[in-house]
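*Asks:* Handing you this structure, nothing more for now.
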Amino acid sequence: MLALSTGCWHLRLNFSTKKFKPKRSFCVYANGFPSFLPADVENIKDTFARDLAQRIERLPVQVPSLKTSIMSSCVRPVMQGRTDPVVLLHGFDSSVLEWRYMYPLLEEAGVDAWAIDILGWGFSGLESRPSCDVASKRNHLYQVWKSYIKKPMILVGPSLGAAVAIDFAIYHPEAVSKLVLIDASVYAEGTGEMSKLPRAFAYAGVALLKSVPLRYYVINLAFKNLSFDVSVDWMKIGRLHCLYPWWEDATVNFMMNGGYNVIPLIKQVKQQTLIIWGEDDQIIRYKLAFRLHGELQDATLRTIPECGHLPHVERPRSVADLIIQFAQEASVQFSAV
């Protein structure tokens with residue numbers, strides 16, 4: 001299911017952001033954006049997106065199956081926090097810019113927060129066209145954790161990112177202390193018939209996925225009562241990473257290799273899990289929140305009223321408060337509603 005990174009550039013938000021100037025190991029343009037970002041980043045109006053985009057960097061990640069490192073995009077903390085690291089993934093075909101509203105809140109609370117682009121999406125340098133199937137995404141995330149994070153983390157996955165998080169927690173339990181799953185897309189059986197399409201048809205479908213009309217439609221499906229200007233700006237943010245020449249190859253590779261099917265893994269998850277769900281989600285059925293809560297071994301469900309598929313964008317303060325509380329608590333049952 002498509003879940004775009006979105007946000008309202010003139011939305012009134014009840015928090016402020018601090019200006020950070022982390023050290024960078026790459027060239028930046030005069031406007032402060034990293035030189036590896038598509039030039040269209042300059043057309044984005046959302047000040048939170050612009051601020052977070054200026055903090056994106058690429059770190060070398062050595063993947064055993066490749067002869068060279070993958071320059072992997074992320075936003076990393078400027079100082080060590082007081083909790084286990086909180087590692088923010090994103091949804092299907094999205095990027096770290098999903099976290100533009102919530103990331104500052106976590107940092108202001110002293111959380112050691114990372115935002116990491118999943119291999120094949122986001123702003124990593126994929127000139128070598130590496131495989132971007134499920135196993136490759138898992139292995140890449142593990143190498144990021146092993147090389148840079150180096151201690152058990154609270155792994156946060158929204159939408160399809162929840163499937164990425166569950167898959168990773170099962171295969172690398174030593175790396176995950178807790179899970180946070182947000183409007184989780186975890187009951188799809190992979191990419192289905194798309195995995196059987198001829199390559200030419202697969203590329204045609206992926207080209208549609210990048211199209212402005214489809215992106216615009218999905219934004220207005222996920223959120224209600226948006227102005228035209230806001231919707232257009234969200235669309236620009238959501239498709240920015242699609243402008244790389246390798247994006248189509250990476251997405252087709254993922255689709256044709258079957259995608260995520262974590263249904264058999266859900267009941268095996270042993271980590272304490274916080275489920276967050278927008279009650280007005282029009283993309284993933286609300287009742288699946290209760291199914292997921294019932295199938296996980298140690299889970300607590302928190303719902304957010306009058307909120308759609310991306311609570312961390314639509315209600316960043318509410319989601320941040322839940323995650324901060326969850327991160328600060330010992331690994332015991334989360335308090336009941």
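Chain identifiers are assigned as A, B, and so on, following the order in which chains appear in the structure tokens; residues are numbered from 1 within each chain, and ligands are numbered from 1 in order of appearance.
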Give me, as a PyMOL selection string, all polymer residues having an atom no more than 9 Å from A:Pro311, counting only C-alpha atoms and skipping those fewer than 4 positions away in the same chain.
*Replies:* chain A and resi 158+182-183+276-278+304+307+315-316+318-319
*Asks:* Next, the residues of the selection above should be written as a PDB file, in the first residue's frame with N, CA, C and O atoms.
*Replies:*
```pdb
ATOM      1  N   PRO A 158       6.419   2.922  10.500  1.00  0.00           N
ATOM      2  CA  PRO A 158       5.064   3.274  10.087  1.00  0.00           C
ATOM      3  C   PRO A 158       4.679   2.578   8.791  1.00  0.00           C
ATOM      4  O   PRO A 158       5.516   2.347   7.924  1.00  0.00           O
ATOM      5  N   ILE A 182       3.316   1.841  13.671  1.00  0.00           N
ATOM      6  CA  ILE A 182       2.359   2.930  13.452  1.00  0.00           C
ATOM      7  C   ILE A 182       1.514   2.628  12.220  1.00  0.00           C
ATOM      8  O   ILE A 182       2.041   2.497  11.115  1.00  0.00           O
ATOM      9  N   ASP A 183       0.199   2.497  12.417  1.00  0.00           N
ATOM     10  CA  ASP A 183      -0.711   2.178  11.305  1.00  0.00           C
ATOM     11  C   ASP A 183      -0.073   1.136  10.399  1.00  0.00           C
ATOM     12  O   ASP A 183       0.158   1.343   9.211  1.00  0.00           O
ATOM     13  N   ILE A 276       0.584   2.202  17.548  1.00  0.00           N
ATOM     14  CA  ILE A 276      -0.084   3.502  17.458  1.00  0.00           C
ATOM     15  C   ILE A 276      -0.919   3.498  16.184  1.00  0.00           C
ATOM     16  O   ILE A 276      -0.440   3.094  15.125  1.00  0.00           O
ATOM     17  N   TRP A 277      -2.180   3.964  16.288  1.00  0.00           N
ATOM     18  CA  TRP A 277      -3.056   3.887  15.116  1.00  0.00           C
ATOM     19  C   TRP A 277      -3.972   5.111  15.038  1.00  0.00           C
ATOM     20  O   TRP A 277      -4.589   5.501  16.027  1.00  0.00           O
ATOM     21  N   GLY A 278      -4.049   5.715  13.862  1.00  0.00           N
ATOM     22  CA  GLY A 278      -5.009   6.785  13.622  1.00  0.00           C
ATOM     23  C   GLY A 278      -6.393   6.211  13.393  1.00  0.00           C
ATOM     24  O   GLY A 278      -6.583   5.356  12.525  1.00  0.00           O
ATOM     25  N   ILE A 304      -5.310   7.250  18.090  1.00  0.00           N
ATOM     26  CA  ILE A 304      -5.336   8.710  18.030  1.00  0.00           C
ATOM     27  C   ILE A 304      -6.590   9.125  17.271  1.00  0.00           C
ATOM     28  O   ILE A 304      -6.727   8.827  16.086  1.00  0.00           O
ATOM     29  N   CYS A 307      -7.523  11.214  13.221  1.00  0.00           N
ATOM     30  CA  CYS A 307      -6.185  11.124  12.647  1.00  0.00           C
ATOM     31  C   CYS A 307      -6.173  10.007  11.617  1.00  0.00           C
ATOM     32  O   CYS A 307      -6.792   8.959  11.815  1.00  0.00           O
ATOM     33  N   ARG A 315      -0.292  14.217  13.653  1.00  0.00           N
ATOM     34  CA  ARG A 315      -0.346  14.494  15.093  1.00  0.00           C
ATOM     35  C   ARG A 315       1.039  14.227  15.704  1.00  0.00           C
ATOM     36  O   ARG A 315       1.203  13.348  16.554  1.00  0.00           O
ATOM     37  N   PRO A 316       2.045  14.982  15.293  1.00  0.00           N
ATOM     38  CA  PRO A 316       3.417  14.675  15.726  1.00  0.00           C
ATOM     39  C   PRO A 316       3.617  14.767  17.232  1.00  0.00           C
ATOM     40  O   PRO A 316       4.340  13.957  17.808  1.00  0.00           O
ATOM     41  N   SER A 318       1.410  14.167  19.655  1.00  0.00           N
ATOM     42  CA  SER A 318       0.805  13.003  20.305  1.00  0.00           C
ATOM     43  C   SER A 318       1.681  11.772  20.144  1.00  0.00           C
ATOM     44  O   SER A 318       1.916  11.018  21.104  1.00  0.00           O
ATOM     45  N   VAL A 319       2.176  11.548  18.924  1.00  0.00           N
ATOM     46  CA  VAL A 319       3.016  10.375  18.670  1.00  0.00           C
ATOM     47  C   VAL A 319       4.345  10.499  19.396  1.00  0.00           C
ATOM     48  O   VAL A 319       4.836   9.532  19.999  1.00  0.00           O
TER      49      VAL A 319
END
```
*Asks:* Determine, counting only C-alpha atoms, which protein, DNA and RNA residues have an atom within 8 Å of an atom of A:Ser131; residues of the same chain fewer than 3 positions away are not included. Present the result as a PyMOL selection string.
*Replies:* chain A and resi 136+250+253-254
*Asks:* Quick one: write out the picked residues with C-alpha atoms as an mmCIF file, in the first residue's frame?
*Replies:*
```cif
data_model
loop_
_atom_site.group_PDB
_atom_site.id
_atom_site.type_symbol
_atom_site.label_atom_id
_atom_site.label_comp_id
_atom_site.auth_asym_id
_atom_site.auth_seq_id
_atom_site.Cartn_x
_atom_site.Cartn_y
_atom_site.Cartn_z
ATOM 1 C CA SER A 136 18.952 -6.942 1.046
ATOM 2 C CA ALA A 250 15.328 -0.307 -7.164
ATOM 3 C CA ASN A 253 13.636 -5.081 -8.054
ATOM 4 C CA PHE A 254 11.714 -4.964 -4.774
#
```
*Asks:* From a DSSP pass on the backbone, collect the residues of stretch 126-199 of chain A flagged as helix (DSSP H, G or I) and hand them back as number ranges by chain.
*Replies:* A: 134-149, 160-171, 173-175, 192-196, 199
*Asks:* Considering only strand (DSSP E) as DSSP defines it on the backbone, what residues of stretch 44-291 of chain A qualify? List them as an MDAnalysis selection string.
*Replies:* chainID A and resid 57:62 69:75 86:88 113:116 153:158 176:182 272:278
*Asks:* Excluding same-chain residues fewer than 5 positions from A:Tyr244, what lies within 12 Å of it counting only C-alpha atoms, as a list of chain:residue names?
*Replies:*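 So the residues in contact are A:Phe36, A:Leu37, A:Pro38, A:Ala39, A:Asp40, A:Gly120, A:Trp121, A:Gly122, A:Phe123, A:Ser124, A:Gly125, A:Leu126, A:Glu127, A:Arg129, A:Lys210, A:Arg239, A:Asp249, A:Ala250, A:Thr251.
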*Asks:* Take the residues that were just selected and, keeping C-alpha atoms, output them as an mmCIF file, in the first residue's frame.
*Replies:*
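Contents of the output file part-v3.cif:
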```
data_model
loop_
_atom_site.group_PDB
_atom_site.id
_atom_site.type_symbol
_atom_site.label_atom_id
_atom_site.label_comp_id
_atom_site.auth_asym_id
_atom_site.auth_seq_id
_atom_site.Cartn_x
_atom_site.Cartn_y
_atom_site.Cartn_z
ATOM 1 C CA PHE A 36 23.470 14.840 -3.446
ATOM 2 C CA LEU A 37 19.796 15.777 -3.025
ATOM 3 C CA PRO A 38 17.760 16.333 -6.205
ATOM 4 C CA ALA A 39 17.745 19.998 -7.179
ATOM 5 C CA ASP A 40 13.943 20.061 -6.810
ATOM 6 C CA GLY A 120 15.987 1.307 -2.367
ATOM 7 C CA TRP A 121 14.051 4.378 -1.230
ATOM 8 C CA GLY A 122 15.068 7.711 0.196
ATOM 9 C CA PHE A 123 18.279 9.482 -0.740
ATOM 10 C CA SER A 124 21.016 6.837 -0.651
ATOM 11 C CA GLY A 125 23.432 6.623 -3.568
ATOM 12 C CA LEU A 126 22.526 3.505 -5.540
ATOM 13 C CA GLU A 127 24.544 4.027 -8.704
ATOM 14 C CA ARG A 129 22.078 -0.808 -8.687
ATOM 15 C CA LYS A 210 5.989 8.284 -9.531
ATOM 16 C CA ARG A 239 8.225 12.145 -4.683
ATOM 17 C CA ASP A 249 15.310 -0.052 -10.965
ATOM 18 C CA ALA A 250 15.328 -0.307 -7.164
ATOM 19 C CA THR A 251 11.535 -0.296 -6.879
#
```
*Asks:* Counting only C-alpha atoms, which residue out of A:Ala289, A:Val87, A:Ile263, A:Val269 sits closest to A:Tyr171?
*Replies:*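 So, comparing all the options, the nearest one is A:Val269.
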